[in-house]
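This is structure-v1.cif. It holds mmCIF, C-alpha atoms.
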```cif
data_query
#
loop_
_atom_site.label_atom_id
_atom_site.label_comp_id
_atom_site.auth_asym_id
_atom_site.auth_seq_id
_atom_site.Cartn_x
_atom_site.Cartn_y
_atom_site.Cartn_z
CA MET A 92 -14.88 4.14 59.66
CA ASN A 93 -17.22 3.37 56.79
CA LYS A 94 -18.48 6.96 56.88
CA ILE A 95 -14.92 8.28 56.54
CA LYS A 96 -14.32 5.98 53.56
CA LYS A 97 -17.50 7.23 51.91
CA VAL A 98 -16.49 10.87 52.40
CA PHE A 99 -13.06 10.18 50.88
CA ARG A 100 -14.66 8.43 47.92
CA ARG A 101 -16.80 11.52 47.29
CA LEU A 102 -13.77 13.78 47.52
CA GLN A 103 -11.86 11.81 44.88
CA PRO A 104 -12.01 13.58 41.54
CA ALA A 105 -14.26 12.12 38.91
CA ARG A 106 -12.32 9.64 36.76
CA LEU A 107 -10.85 11.44 33.78
CA ASN A 108 -12.13 10.17 30.48
CA PRO A 109 -9.03 10.49 28.24
CA PRO A 110 -10.78 10.64 24.83
CA VAL A 111 -13.22 13.30 26.07
CA ALA A 112 -10.41 15.29 27.67
CA ALA A 113 -8.29 15.11 24.50
CA TYR A 114 -11.30 16.08 22.38
CA ARG A 115 -12.01 19.10 24.60
CA ILE A 116 -8.41 20.29 24.56
CA VAL A 117 -8.45 20.21 20.76
CA GLN A 118 -11.73 22.18 20.66
CA LEU A 119 -10.30 24.75 23.06
CA THR A 120 -7.14 25.20 21.00
CA ILE A 121 -9.20 25.45 17.80
CA LEU A 122 -10.99 28.38 19.43
CA VAL A 123 -7.62 29.92 20.36
CA SER A 124 -6.55 29.53 16.71
CA LEU A 125 -9.77 31.07 15.42
CA PHE A 126 -9.73 34.08 17.73
CA TRP A 127 -5.99 34.77 17.98
CA LYS A 128 -6.17 37.13 15.01
CA TRP A 129 -9.54 38.45 16.02
CA ARG A 130 -8.68 42.10 15.26
CA PHE A 131 -7.53 41.10 11.81
CA PHE A 132 -10.80 39.38 11.09
CA LEU A 133 -12.73 42.43 12.26
CA GLU A 134 -10.76 44.55 9.81
CA ALA A 135 -11.16 41.94 7.08
CA ASN A 136 -14.90 42.05 7.60
CA ASP A 137 -14.94 45.78 6.72
CA ILE A 138 -12.44 45.52 3.90
CA TYR A 139 -14.24 42.66 2.15
CA ALA A 140 -17.54 44.51 2.40
CA ASN A 141 -16.06 47.76 1.03
CA ILE A 142 -13.59 46.45 -1.55
CA PRO A 143 -15.11 43.41 -3.27
CA VAL A 144 -12.93 41.80 -5.94
CA GLU A 145 -14.83 40.28 -8.86
CA ASP A 146 -12.95 37.21 -9.98
CA PRO A 147 -14.70 34.62 -12.16
CA PHE A 148 -12.37 31.93 -10.79
CA PHE A 149 -14.40 31.84 -7.55
CA PRO A 150 -18.14 31.17 -7.56
CA ASP A 151 -20.08 34.25 -6.42
CA TRP A 152 -21.05 32.71 -3.09
CA LEU A 153 -17.40 31.97 -2.29
CA ARG A 154 -16.55 35.66 -2.74
CA SER A 155 -19.45 36.84 -0.63
CA VAL A 156 -18.71 38.47 2.71
CA THR A 157 -21.90 36.88 4.08
CA THR A 158 -20.54 33.39 3.40
CA ILE A 159 -17.29 34.06 5.21
CA ARG A 160 -19.13 35.57 8.19
CA LEU A 161 -21.44 32.56 8.45
CA ALA A 162 -18.60 30.09 8.01
CA PHE A 163 -16.43 31.76 10.65
CA TRP A 164 -19.15 32.22 13.25
CA GLY A 165 -20.76 28.87 12.47
CA SER A 166 -17.54 26.98 13.02
CA ALA A 167 -16.67 29.00 16.13
CA LEU A 168 -20.10 28.35 17.63
CA ALA A 169 -20.02 24.66 16.74
CA THR A 170 -16.55 24.29 18.26
CA GLY A 171 -17.70 26.08 21.42
CA ILE A 172 -20.65 23.70 21.74
CA GLY A 173 -18.36 20.72 21.14
CA LEU A 174 -16.11 21.99 23.92
CA ILE A 175 -18.79 22.16 26.62
CA THR A 176 -21.43 19.61 25.71
CA SER A 177 -21.72 16.19 27.30
CA SER A 178 -24.32 15.05 24.79
CA LYS A 179 -22.84 12.55 22.35
CA LEU A 180 -25.25 13.51 19.60
CA LEU A 181 -24.51 17.22 20.02
CA ARG A 182 -20.79 16.52 20.05
CA LYS A 183 -21.02 14.63 16.76
CA THR A 184 -23.24 17.26 15.16
CA SER A 185 -21.07 20.17 16.25
CA SER A 186 -17.93 18.39 15.01
CA TRP A 187 -19.49 17.99 11.55
CA LEU A 188 -20.68 21.61 11.52
CA GLY A 189 -17.23 22.81 12.52
CA LEU A 190 -15.65 20.78 9.73
CA MET A 191 -18.08 22.15 7.16
CA GLY A 192 -17.61 25.77 8.25
CA ILE A 193 -13.82 25.49 8.15
CA SER A 194 -13.97 23.73 4.77
CA LEU A 195 -15.70 26.85 3.43
CA MET A 196 -13.02 29.07 4.95
CA CYS A 197 -10.38 26.98 3.16
CA ILE A 198 -11.86 27.71 -0.28
CA HIS A 199 -13.29 31.21 0.20
CA GLN A 200 -11.62 34.04 -1.73
CA GLY A 201 -11.01 35.98 1.47
CA SER A 202 -9.42 33.22 3.55
CA TYR A 203 -8.12 30.40 1.31
CA ASN A 204 -4.51 31.49 1.74
CA ASP A 205 -4.51 31.50 5.54
CA MET A 206 -2.92 28.28 6.79
CA THR A 207 -4.81 28.74 10.07
CA PHE A 208 -7.86 27.24 8.43
CA VAL A 209 -5.97 24.30 6.94
CA THR A 210 -4.50 23.28 10.30
CA ILE A 211 -7.89 23.78 11.97
CA TRP A 212 -9.51 21.68 9.23
CA TRP A 213 -7.26 18.73 10.05
CA CYS A 214 -8.07 19.13 13.75
CA CYS A 215 -11.78 19.19 12.87
CA LEU A 216 -11.43 16.01 10.81
CA TRP A 217 -9.74 14.31 13.79
CA SER A 218 -12.55 15.63 16.03
CA VAL A 219 -15.27 14.22 13.77
CA TRP A 220 -13.59 10.82 13.81
CA LEU A 221 -13.11 10.84 17.60
CA ALA A 222 -16.63 12.12 18.33
CA HIS A 223 -18.01 9.05 16.54
CA ARG A 224 -15.81 6.61 18.45
CA MET A 225 -16.27 7.69 22.06
CA GLU A 226 -18.94 5.12 22.84
CA THR A 227 -16.49 2.27 22.57
CA ASP A 228 -15.69 0.24 25.66
CA GLN A 229 -12.06 -0.05 24.50
CA GLN A 230 -10.94 3.39 25.62
CA ASP A 231 -7.25 2.50 25.68
CA VAL A 232 -7.28 1.31 22.08
CA LEU A 233 -9.23 4.40 21.06
CA MET A 234 -6.78 6.74 22.77
CA ARG A 235 -3.80 5.03 21.14
CA ARG A 236 -5.39 5.45 17.74
CA ALA A 237 -6.35 9.06 18.44
CA ALA A 238 -2.75 9.82 19.41
CA PHE A 239 -1.39 8.00 16.36
CA LEU A 240 -3.71 9.95 14.09
CA SER A 241 -2.76 13.22 15.78
CA ARG A 242 0.96 12.73 15.23
CA LEU A 243 0.35 11.52 11.68
CA ILE A 244 -1.53 14.77 10.95
CA ILE A 245 1.19 16.93 12.54
CA SER A 246 3.84 15.06 10.56
CA LEU A 247 1.91 15.66 7.35
CA ILE A 248 1.58 19.38 8.00
CA LEU A 249 5.30 19.69 8.73
CA LEU A 250 6.11 17.59 5.66
CA GLY A 251 3.91 19.91 3.58
CA GLY A 252 5.95 22.85 4.81
CA ALA A 253 9.22 21.06 4.14
CA ALA A 254 8.48 19.76 0.64
CA GLY A 255 7.80 23.25 -0.73
CA LYS A 256 11.10 24.47 0.73
CA TRP A 257 13.28 21.88 -0.97
CA THR A 258 14.37 24.54 -3.44
CA PRO A 259 17.59 26.61 -3.74
CA GLU A 260 15.87 29.88 -2.76
CA PHE A 261 15.18 28.50 0.72
CA TRP A 262 18.55 26.75 1.08
CA SER A 263 20.28 30.07 0.37
CA GLY A 264 18.04 31.90 2.85
CA GLU A 265 16.92 34.39 0.18
CA VAL A 266 13.17 33.93 0.77
CA LEU A 267 13.16 34.11 4.56
CA PHE A 268 15.65 36.98 4.48
CA ASP A 269 13.13 39.10 2.60
CA ILE A 270 10.09 37.92 4.55
CA TYR A 271 11.55 38.12 8.07
CA PHE A 272 14.96 39.75 8.27
CA VAL A 273 14.36 42.91 6.23
CA ASP A 274 11.52 44.52 8.14
CA ARG A 275 9.50 42.04 10.23
CA ASP A 276 8.63 43.55 13.62
CA PHE A 277 9.31 40.60 15.94
CA TRP A 278 11.77 40.32 18.81
CA VAL A 279 14.24 37.95 17.10
CA PHE A 280 14.53 39.97 13.91
CA ASN A 281 14.54 43.34 15.70
CA TYR A 282 17.41 42.10 17.87
CA LEU A 283 19.36 40.78 14.89
CA ARG A 284 18.87 43.97 12.86
CA GLU A 285 20.09 46.08 15.78
CA ASN A 286 23.20 43.99 16.36
CA TYR A 287 24.40 42.78 12.98
CA GLU A 288 25.44 44.30 9.67
CA PRO A 289 23.38 43.55 6.53
CA GLU A 290 25.95 41.07 5.19
CA GLU A 291 26.02 39.22 8.50
CA LEU A 292 22.22 39.19 8.49
CA ARG A 293 22.24 37.42 5.13
CA GLU A 294 24.52 34.73 6.53
CA ILE A 295 22.28 34.35 9.61
CA ALA A 296 19.21 34.16 7.36
CA LYS A 297 20.86 31.36 5.38
CA TRP A 298 21.43 29.23 8.48
CA TYR A 299 18.04 30.16 9.94
CA SER A 300 16.39 29.01 6.71
CA ARG A 301 18.41 25.78 6.57
CA GLN A 302 17.46 25.04 10.17
CA VAL A 303 13.77 25.47 9.26
CA VAL A 304 14.09 23.16 6.25
CA ILE A 305 15.92 20.47 8.23
CA VAL A 306 13.63 20.56 11.29
CA GLU A 307 10.48 20.41 9.15
CA THR A 308 11.90 17.63 6.99
CA VAL A 309 13.09 15.45 9.84
CA SER A 310 9.95 15.92 11.93
CA GLY A 311 7.69 15.60 8.90
CA ILE A 312 9.22 12.26 8.00
CA GLY A 313 9.87 10.90 11.47
CA LEU A 314 7.53 12.35 14.10
CA TRP A 315 4.70 9.90 13.49
CA MET A 316 7.00 6.96 14.16
CA LEU A 317 7.78 8.02 17.74
CA PRO A 318 6.00 6.62 20.81
CA SER A 319 2.92 8.64 21.77
CA ARG A 320 4.24 10.63 24.72
CA TRP A 321 7.59 11.38 23.11
CA ALA A 322 5.86 12.46 19.91
CA ALA A 323 3.53 14.72 21.91
CA LEU A 324 6.42 16.32 23.78
CA ILE A 325 8.65 16.79 20.73
CA ALA A 326 5.79 18.10 18.58
CA THR A 327 4.87 20.62 21.28
CA ILE A 328 8.49 21.81 21.49
CA ILE A 329 8.92 22.06 17.70
CA LEU A 330 5.60 23.82 17.15
CA SER A 331 6.21 26.27 19.99
CA GLY A 332 9.68 26.90 18.61
CA ILE A 333 8.22 27.81 15.22
CA VAL A 334 6.12 30.51 16.88
CA LEU A 335 8.85 31.82 19.20
CA LEU A 336 11.36 32.15 16.37
CA SER A 337 9.23 33.47 13.53
CA ASN A 338 6.16 35.54 14.41
CA LYS A 339 3.31 35.78 16.90
CA TYR A 340 0.61 35.53 14.24
CA LEU A 341 1.63 31.92 13.69
CA VAL A 342 -0.02 31.14 17.04
CA SER A 343 -3.27 30.94 15.09
CA VAL A 344 -1.79 28.29 12.78
CA ILE A 345 0.02 26.37 15.50
CA ALA A 346 -2.23 26.51 18.61
CA CYS A 347 -4.68 23.87 17.40
CA LEU A 348 -1.80 21.60 16.40
CA VAL A 349 -0.35 21.86 19.90
CA GLY A 350 -3.79 20.85 21.22
CA LEU A 351 -3.78 17.94 18.80
CA ALA A 352 -0.28 16.91 19.88
CA CYS A 353 -1.49 16.80 23.50
CA ALA A 354 -3.61 13.76 22.61
CA GLY A 355 -0.40 11.77 22.99
CA PHE A 356 -0.19 12.63 26.69
CA PHE A 357 -3.50 10.86 27.32
CA VAL A 358 -2.36 7.49 26.05
CA PRO A 359 -2.30 5.12 29.02
CA ARG A 360 1.09 3.83 30.02
CA ARG A 361 1.60 0.17 29.25
CA PRO A 362 2.16 -1.96 32.35
CA ARG A 363 5.76 -3.09 32.75
CA LYS A 364 6.40 -6.78 32.32
CA ALA A 365 7.31 -7.17 36.01
CA ASP A 366 4.01 -5.52 37.02
CA THR A 367 1.93 -7.81 34.87
CA PRO A 368 0.48 -10.63 36.94
CA ALA A 369 1.45 -14.05 35.71
CA PRO A 370 -1.46 -15.83 34.04
CA SER A 371 -3.10 -18.19 36.50
CA LYS A 372 -3.36 -21.85 35.70
CA PRO A 373 -6.70 -22.48 33.99
CA GLU A 374 -9.07 -24.37 36.15
CA ASN A 375 -10.13 -27.74 34.94
CA PRO A 376 -13.90 -27.84 35.32
CA VAL A 377 -13.81 -31.64 35.24
CA ALA A 378 -11.24 -32.02 37.96
CA GLY A 379 -12.14 -31.73 41.61
CA MET B 259 9.60 2.43 16.41
CA VAL B 260 5.95 2.43 15.32
CA ASP B 261 3.83 0.54 17.79
CA SER B 262 1.67 -1.81 15.78
CA THR B 263 -1.02 -1.85 18.46
CA ASP B 264 -1.60 1.89 17.82
CA THR B 265 -2.39 1.32 14.20
CA SER B 266 -4.09 -2.07 14.15
CA ILE B 267 -7.38 -1.64 12.38
CA THR B 268 -8.73 -5.13 12.17
CA HIS B 269 -7.33 -6.79 15.27
CA ASP B 270 -10.72 -8.19 16.02
CA GLU B 271 -14.32 -7.40 15.19
CA GLN B 272 -14.70 -4.70 17.87
CA GLN B 273 -11.55 -2.87 16.89
CA ARG B 274 -12.33 -2.55 13.18
CA ASP B 275 -12.40 1.13 12.30
CA LEU B 276 -13.09 2.11 8.71
CA GLY B 277 -12.99 5.86 9.42
CA PHE B 278 -9.54 5.61 10.95
CA CYS B 279 -8.42 3.52 8.00
CA CYS B 280 -9.74 6.09 5.47
CA ILE B 281 -8.06 9.04 7.22
CA VAL B 282 -4.73 7.19 7.40
CA ALA B 283 -5.01 6.32 3.68
CA PHE B 284 -5.90 9.93 2.84
CA ILE B 285 -2.87 11.21 4.77
CA GLY B 286 -0.72 8.60 3.05
CA MET B 287 -1.88 9.77 -0.40
CA ILE B 288 -1.09 13.41 0.39
CA ALA B 289 2.31 12.44 1.82
CA VAL B 290 3.16 10.56 -1.37
CA TRP B 291 2.06 13.58 -3.45
CA LEU B 292 4.32 15.86 -1.37
CA LEU B 293 7.28 13.51 -1.44
CA LEU B 294 7.05 13.17 -5.23
CA MET B 295 6.75 16.92 -5.84
CA PRO B 296 10.51 17.57 -6.09
CA TRP B 297 10.98 14.71 -8.55
CA ILE B 298 7.88 14.94 -10.78
CA PRO B 299 7.66 18.34 -12.51
CA GLY B 300 3.93 17.83 -13.22
CA ILE B 301 3.12 17.81 -9.51
CA ALA B 302 5.17 20.96 -8.91
CA LYS B 303 3.51 22.64 -11.90
CA HIS B 304 0.08 21.75 -10.56
CA SER B 305 0.99 23.15 -7.15
CA LEU B 306 2.40 26.37 -8.62
CA GLN B 307 -0.82 26.84 -10.61
CA ARG B 308 -2.76 26.31 -7.39
CA PHE B 309 -0.76 29.13 -5.78
CA HIS B 310 -1.58 31.52 -8.67
CA LEU B 311 -5.29 30.59 -8.85
CA ARG B 312 -4.63 29.20 -12.30
CA THR B 313 -5.80 25.60 -11.88
CA PRO B 314 -7.99 24.90 -14.94
CA SER B 315 -11.08 24.21 -12.82
CA PHE B 316 -12.19 25.70 -9.52
CA SER B 317 -13.33 22.27 -8.28
CA VAL B 318 -9.89 20.77 -8.82
CA TRP B 319 -8.31 23.77 -7.09
CA ALA B 320 -10.73 23.52 -4.16
CA ALA B 321 -10.15 19.78 -3.77
CA GLN B 322 -6.49 20.46 -3.00
CA PHE B 323 -7.11 22.57 0.08
CA PRO B 324 -6.19 19.84 2.60
CA ILE B 325 -2.66 19.68 1.15
CA PRO B 326 -0.57 21.65 3.63
CA SER B 327 1.70 24.21 1.97
CA MET B 328 3.05 26.56 4.61
CA TYR B 329 5.79 28.80 3.22
CA ASN B 330 6.07 26.78 0.02
CA PHE B 331 8.04 27.91 -3.05
CA ALA B 332 9.85 31.17 -3.70
CA ASN B 333 6.92 33.50 -4.39
CA ARG B 334 7.55 37.06 -5.50
CA TYR B 335 5.08 39.77 -6.34
CA LYS B 336 5.20 43.25 -7.81
CA VAL B 337 2.45 45.86 -7.74
CA GLU B 338 2.43 48.69 -10.26
CA GLN B 339 0.32 51.72 -11.03
CA TYR B 340 0.98 51.39 -14.74
CA PRO B 341 0.60 48.53 -17.20
CA PRO B 342 3.49 46.05 -17.39
CA ASP B 343 6.42 47.24 -19.56
CA PHE B 344 5.41 50.87 -19.03
CA VAL B 345 8.16 52.83 -17.19
CA MET B 346 9.61 49.42 -16.42
CA MET B 347 13.11 50.73 -15.91
CA ILE B 348 12.05 52.80 -12.91
CA LEU B 349 9.82 50.37 -11.06
CA ASP B 350 11.34 47.02 -11.87
CA GLU B 351 12.99 46.68 -8.44
CA ASN B 352 9.74 46.48 -6.48
CA TRP B 353 9.70 42.72 -6.04
CA ARG B 354 8.89 41.37 -2.58
CA TYR B 355 8.54 37.81 -1.35
CA ALA B 356 5.24 36.37 -0.12
CA ASN B 357 5.15 33.31 2.14
CA HIS B 358 2.59 31.27 0.20
CA PHE B 359 -0.32 31.78 -2.21
CA PRO B 360 1.12 35.03 -3.62
CA ALA B 361 -2.28 35.98 -5.06
CA ARG B 362 -3.11 36.76 -1.43
CA VAL B 363 -1.74 40.26 -2.05
CA ILE B 364 -4.83 40.85 -4.18
CA THR B 365 -7.45 38.85 -2.31
CA PHE B 366 -6.48 38.78 1.38
CA PHE B 367 -7.53 41.65 3.59
CA ALA B 368 -4.23 43.46 4.22
CA GLY B 369 -3.11 43.41 0.58
CA ARG B 370 -6.59 44.32 -0.58
CA TYR B 371 -6.55 47.34 1.71
CA ASP B 372 -2.97 48.38 0.95
CA PHE B 373 -3.19 48.12 -2.83
CA LEU B 374 -6.84 48.51 -3.70
CA SER B 375 -8.20 51.22 -1.43
CA SER B 376 -7.08 53.96 -3.84
CA LYS B 377 -9.80 53.12 -6.41
CA GLN B 378 -7.19 53.32 -9.17
CA ASP B 379 -5.99 50.72 -11.66
CA ARG B 380 -3.34 48.34 -10.37
CA TRP B 381 -1.24 45.69 -12.12
CA PHE B 382 0.07 42.71 -10.18
CA THR B 383 2.80 40.37 -11.35
CA LEU B 384 3.33 37.12 -9.47
CA LYS B 385 6.33 34.89 -9.98
CA SER B 386 6.77 31.58 -8.17
CA SER B 387 9.69 29.22 -8.60
CA TYR B 388 10.48 25.72 -7.41
CA ARG B 389 13.60 23.78 -8.32
CA GLY B 390 14.03 25.61 -11.61
CA GLN B 391 10.38 25.64 -12.59
CA ILE B 392 8.90 29.16 -12.83
CA LEU B 393 5.34 30.32 -13.13
CA GLU B 394 4.55 33.96 -13.82
CA SER B 395 1.07 35.47 -13.83
CA LYS B 396 -0.15 38.99 -14.45
CA PHE B 397 -3.38 40.50 -13.24
CA HIS B 398 -5.06 43.80 -13.95
CA LEU B 399 -7.29 45.09 -11.17
CA GLU B 400 -9.75 47.46 -12.74
CA PRO B 401 -11.83 49.69 -10.45
CA LEU B 402 -15.60 49.43 -10.81
CA GLU B 403 -17.96 52.38 -10.72
CA GLU B 404 -20.15 50.77 -8.11
CA GLY B 405 -17.12 50.13 -5.86
CA GLY B 406 -14.61 47.34 -5.69
CA TYR B 407 -12.50 45.89 -8.47
CA ARG B 408 -12.67 43.46 -11.37
CA LEU B 409 -9.76 41.03 -11.64
CA ILE B 410 -8.60 40.44 -15.22
CA ARG B 411 -5.97 37.81 -16.01
CA ILE B 412 -3.83 39.49 -18.63
CA ASP B 413 -1.01 37.05 -19.12
CA GLU B 414 -1.03 33.37 -18.38
CA VAL B 415 1.63 32.04 -20.69
CA ASP B 416 4.99 32.42 -19.01
CA GLU B 417 6.02 29.05 -17.81
CA THR B 418 9.67 28.24 -18.13
CA HIS B 419 12.38 26.01 -16.82
CA GLU B 420 15.59 27.63 -15.75
#
```
Would you mind giving the structure from this file in structure tokens?
Amino acid sequence: MNKIKKVFRRLQPARLNPPVAAYRIVQLTILVSLFWKWRFFLEANDIYANIPVEDPFFPDWLRSVTTIRLAFWGSALATGIGLITSSKLLRKTSSWLGLMGISLMCIHQGSYNDMTFVTIWWCCLWSVWLAHRMETDQQDVLMRRAAFLSRLIISLILLGGAAGKWTPEFWSGEVLFDIYFVDRDFWVFNYLRENYEPEELREIAKWYSRQVVIVETVSGIGLWMLPSRWAALIATIILSGIVLLSNKYLVSVIACLVGLACAGFFVPRRPRKADTPAPSKPENPVAG
Amino acid sequence: MVDSTDTSITHDEQQRDLGFCCIVAFIGMIAVWLLLMPWIPGIAKHSLQRFHLRTPSFSVWAAQFPIPSMYNFANRYKVEQYPPDFVMMILDENWRYANHFPARVITFFAGRYDFLSSKQDRWFTLKSSYRGQILESKFHLEPLEEGGYRLIRIDEVDETHE
């Protein structure tokens, strides 16, 4: 009988460590974000080498194609190491290296405008913080904080999108009409162009744009206030919706945020009041 | 709705977390900046300048990179083969919208390839607007003999309120 019990114990999966699992999911989705537009980056590599643009606004080294290559590969390598390593020191070091590499991408002439690197940067900041906290013996508290921080970051990014759209050109749909409805090759816009007249398209663009402004505003202001699991679920739905209804290249911007949102699913459920054992009467060491 | 146990920073000695506290404060500062942008024209002006690479100092511009700005402002751009005001009547309808950082049409890979692979002079006009505030910038991209281009800011004065 004892032998059977031992065999079953061995067969039980190793206990999942929620902070490590959440950390690894974020590293994996950062890699998805980095490599989603891989073909674009290959082309960019050639273009930047062949058509340099001298602009005194940027320091020379932040216009250099060598810097962008090192920053991209350095952060990808560091994130890959962070994903697979079990060494705490290596995890911390790789998180810092990833953050530094992505920081360079955020201010380099060839990549500053790509929001992919801004969303990855926030995920890297979260990773640095978590990598330095994993040794705690209060894993539940850590996971609650990690989830809170994750939804706070996602709220901020959505709020950043919303605030810049609180302007008549977005409320009228004029901006998104030109960017998406005129000639964007994506299933939603191809379908709409094939089935509606230009005037109808303008009206659809207006309501599409208003929907974007409202969803980003409401989730930017309110998402962080939701309970962990609800916030994770709603953030995943909203972020996936942004990709499905706008363009596939946004996967690179959104994938790491979906990974970050998943941190909420690792927060341990609180025991219900009925399940909580009643506190036992303290023993009186003098009595008896 | 917010669960205070998620955010408690100094519940007891073991739970104190300065890093967590700093990140939350940093996010709070950026959120306040974003929420004030529609109401304080100075913040919007600063952000528009950031989009046109016209912040007075590179360091100040670079320090703003964590501020998320996906699809912010109404950004239009126009690319011409001739200097501004030359044959303007013919080409004035070439405005297109860019999602964010409209100077990307000069610096980012696709725009760089589309507009600067001809090795000929190009003039870019960028116009961004936000709640009546407009910033317009003009750039001359001059081809270099050794390859590539030199970016020359030719007009940095147009800043108006509608």
Go through chain B residue by residue and, counting all atoms listed in the file, keep those with an atom at most 6 Å from chain A; for each kept residue give the shortest atom pair and its distance in Å to one decimal, ordered by chain and increasing number, as JSON lines.
```
{"residue": "B:Met259", "atom": "CA", "partner": "A:Met316", "partner_atom": "CA", "distance": 5.7}
{"residue": "B:Val260", "atom": "CA", "partner": "A:Met316", "partner_atom": "CA", "distance": 4.8}
{"residue": "B:Asp264", "atom": "CA", "partner": "A:Arg235", "partner_atom": "CA", "distance": 5.1}
{"residue": "B:Ala320", "atom": "CA", "partner": "A:Ile198", "partner_atom": "CA", "distance": 5.8}
{"residue": "B:Pro326", "atom": "CA", "partner": "A:Gly251", "partner_atom": "CA", "distance": 4.8}
{"residue": "B:Ser327", "atom": "CA", "partner": "A:Gly251", "partner_atom": "CA", "distance": 5.1}
{"residue": "B:Met328", "atom": "CA", "partner": "A:Gly252", "partner_atom": "CA", "distance": 4.7}
{"residue": "B:Asn330", "atom": "CA", "partner": "A:Gly255", "partner_atom": "CA", "distance": 4.0}
{"residue": "B:Phe331", "atom": "CA", "partner": "A:Gly255", "partner_atom": "CA", "distance": 5.2}
{"residue": "B:Phe359", "atom": "CA", "partner": "A:Asn204", "partner_atom": "CA", "distance": 5.8}
{"residue": "B:Thr365", "atom": "CA", "partner": "A:Gly201", "partner_atom": "CA", "distance": 5.9}
{"residue": "B:Phe366", "atom": "CA", "partner": "A:Gly201", "partner_atom": "CA", "distance": 5.3}
{"residue": "B:Phe367", "atom": "CA", "partner": "A:Ala135", "partner_atom": "CA", "distance": 5.0}
{"residue": "B:Tyr388", "atom": "CA", "partner": "A:Thr258", "partner_atom": "CA", "distance": 5.7}
{"residue": "B:Arg389", "atom": "CA", "partner": "A:Thr258", "partner_atom": "CA", "distance": 5.0}
{"residue": "B:Gly406", "atom": "CA", "partner": "A:Ile142", "partner_atom": "CA", "distance": 4.4}
{"residue": "B:Tyr407", "atom": "CA", "partner": "A:Val144", "partner_atom": "CA", "distance": 4.8}
{"residue": "B:Arg408", "atom": "CA", "partner": "A:Glu145", "partner_atom": "CA", "distance": 4.6}
{"residue": "B:Leu409", "atom": "CA", "partner": "A:Asp146", "partner_atom": "CA", "distance": 5.2}
```
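Going from CA of Ser166 in chain A over to CA of Arg182 in chain A, you cover 13.0 Å.
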### Message
Using all atoms listed in the file, which protein or nucleic acid residues come within 9 Å of Gln339 in chain B? Drop anything in the same chain fewer than 6 positions from it, and give the result as a PyMOL selection string.
### Response
chain B and resi 378-381
Expected file: the selected residues, C-alpha atoms, as an mmCIF file, in the coordinates of the input:
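The resulting file, again28.cif, is shown below:
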```cif
data_model
loop_
_atom_site.group_PDB
_atom_site.id
_atom_site.type_symbol
_atom_site.label_atom_id
_atom_site.label_comp_id
_atom_site.auth_asym_id
_atom_site.auth_seq_id
_atom_site.Cartn_x
_atom_site.Cartn_y
_atom_site.Cartn_z
ATOM 1 C CA GLN B 378 -7.190 53.320 -9.170
ATOM 2 C CA ASP B 379 -5.990 50.720 -11.660
ATOM 3 C CA ARG B 380 -3.340 48.340 -10.370
ATOM 4 C CA TRP B 381 -1.240 45.690 -12.120
#
```
### Task
For CA of Lys385 in chain B and CA of Ile288 in chain B, determine how far apart the two atoms are, in Å to one decimal place.
25.0 Å
### Query
For Asn352 in chain B, which of B:Met287, B:Leu374, B:Leu384, B:Val337 is the closest residue, counting all atoms listed in the file?
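Of B:Met287, B:Leu374, B:Leu384, B:Val337, the one nearest Asn352 in chain B, counting all atoms listed in the file, is B:Val337.
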### Query
Hey, can you check how far CA of Phe397 in chain B sits from CA of Ile159 in chain A?
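Spanning CA of Phe397 in chain B to CA of Ile159 in chain A is a straight-line distance of 24.0 Å.
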### Query
Applied to the shown file, which residues does the PyMOL selection byres ((chain B and resi 412) around 12) return, written as an MDAnalysis selection string?
chainID B and resid 341:342 381:384 394:400 409:411 413:416
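Among the candidates A:Val349, A:Ser263, A:Thr184, A:Ser343, the one nearest to Phe126 in chain A when counting only C-alpha atoms is A:Ser343.
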For range 300-312 of chain B: contacts at 8 Å, all atoms listed in the file, fewer than 4 positions along chain excluded, given as a compact mmCIF listing (two decimals) with C-alpha atoms, keeping the file's coordinate frame:
```txt
# COMPACT_ATOMS: atom_id res chain seq x y z
CA PHE A 148 -12.37 31.93 -10.79
CA TRP B 291 2.06 13.58 -3.45
CA LEU B 294 7.05 13.17 -5.23
CA MET B 295 6.75 16.92 -5.84
CA PRO B 296 10.51 17.57 -6.09
CA TRP B 319 -8.31 23.77 -7.09
CA HIS B 358 2.59 31.27 0.20
CA PHE B 359 -0.32 31.78 -2.21
CA PRO B 360 1.12 35.03 -3.62
CA ALA B 361 -2.28 35.98 -5.06
CA LEU B 384 3.33 37.12 -9.47
CA SER B 386 6.77 31.58 -8.17
CA SER B 387 9.69 29.22 -8.60
CA TYR B 388 10.48 25.72 -7.41
CA GLN B 391 10.38 25.64 -12.59
CA LEU B 393 5.34 30.32 -13.13
CA SER B 395 1.07 35.47 -13.83
```
### Query
Written as a list in words, which residues does the PyMOL selection byres ((chain A and resi 185) around 10) give for the file shown?
Gly165, Ser166, Ala167, Leu168, Ala169, Thr170, Gly171, Ile172, Gly173, Leu174, Thr176, Lys179, Leu180, Leu181, Arg182, Lys183, Thr184, Ser186, Trp187, Leu188, Gly189, Leu190, Met191, Cys215, Ser218, Val219 and Ala222 of chain A
Write out as a PDB file with C-alpha atoms, keeping the file's coordinate frame each polymer residue whose atoms come within 7 Å of Trp353 in chain B, counting all atoms listed in the file; drop sequence neighbours fewer than 5 positions from it.
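Output below, filename selection_30.pdb:
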```pdb
ATOM      1  CA  ARG B 334       7.550  37.060  -5.500  1.00  0.00           C
ATOM      2  CA  TYR B 335       5.080  39.770  -6.340  1.00  0.00           C
ATOM      3  CA  LYS B 336       5.200  43.250  -7.810  1.00  0.00           C
TER       4      LYS B 336
END
```
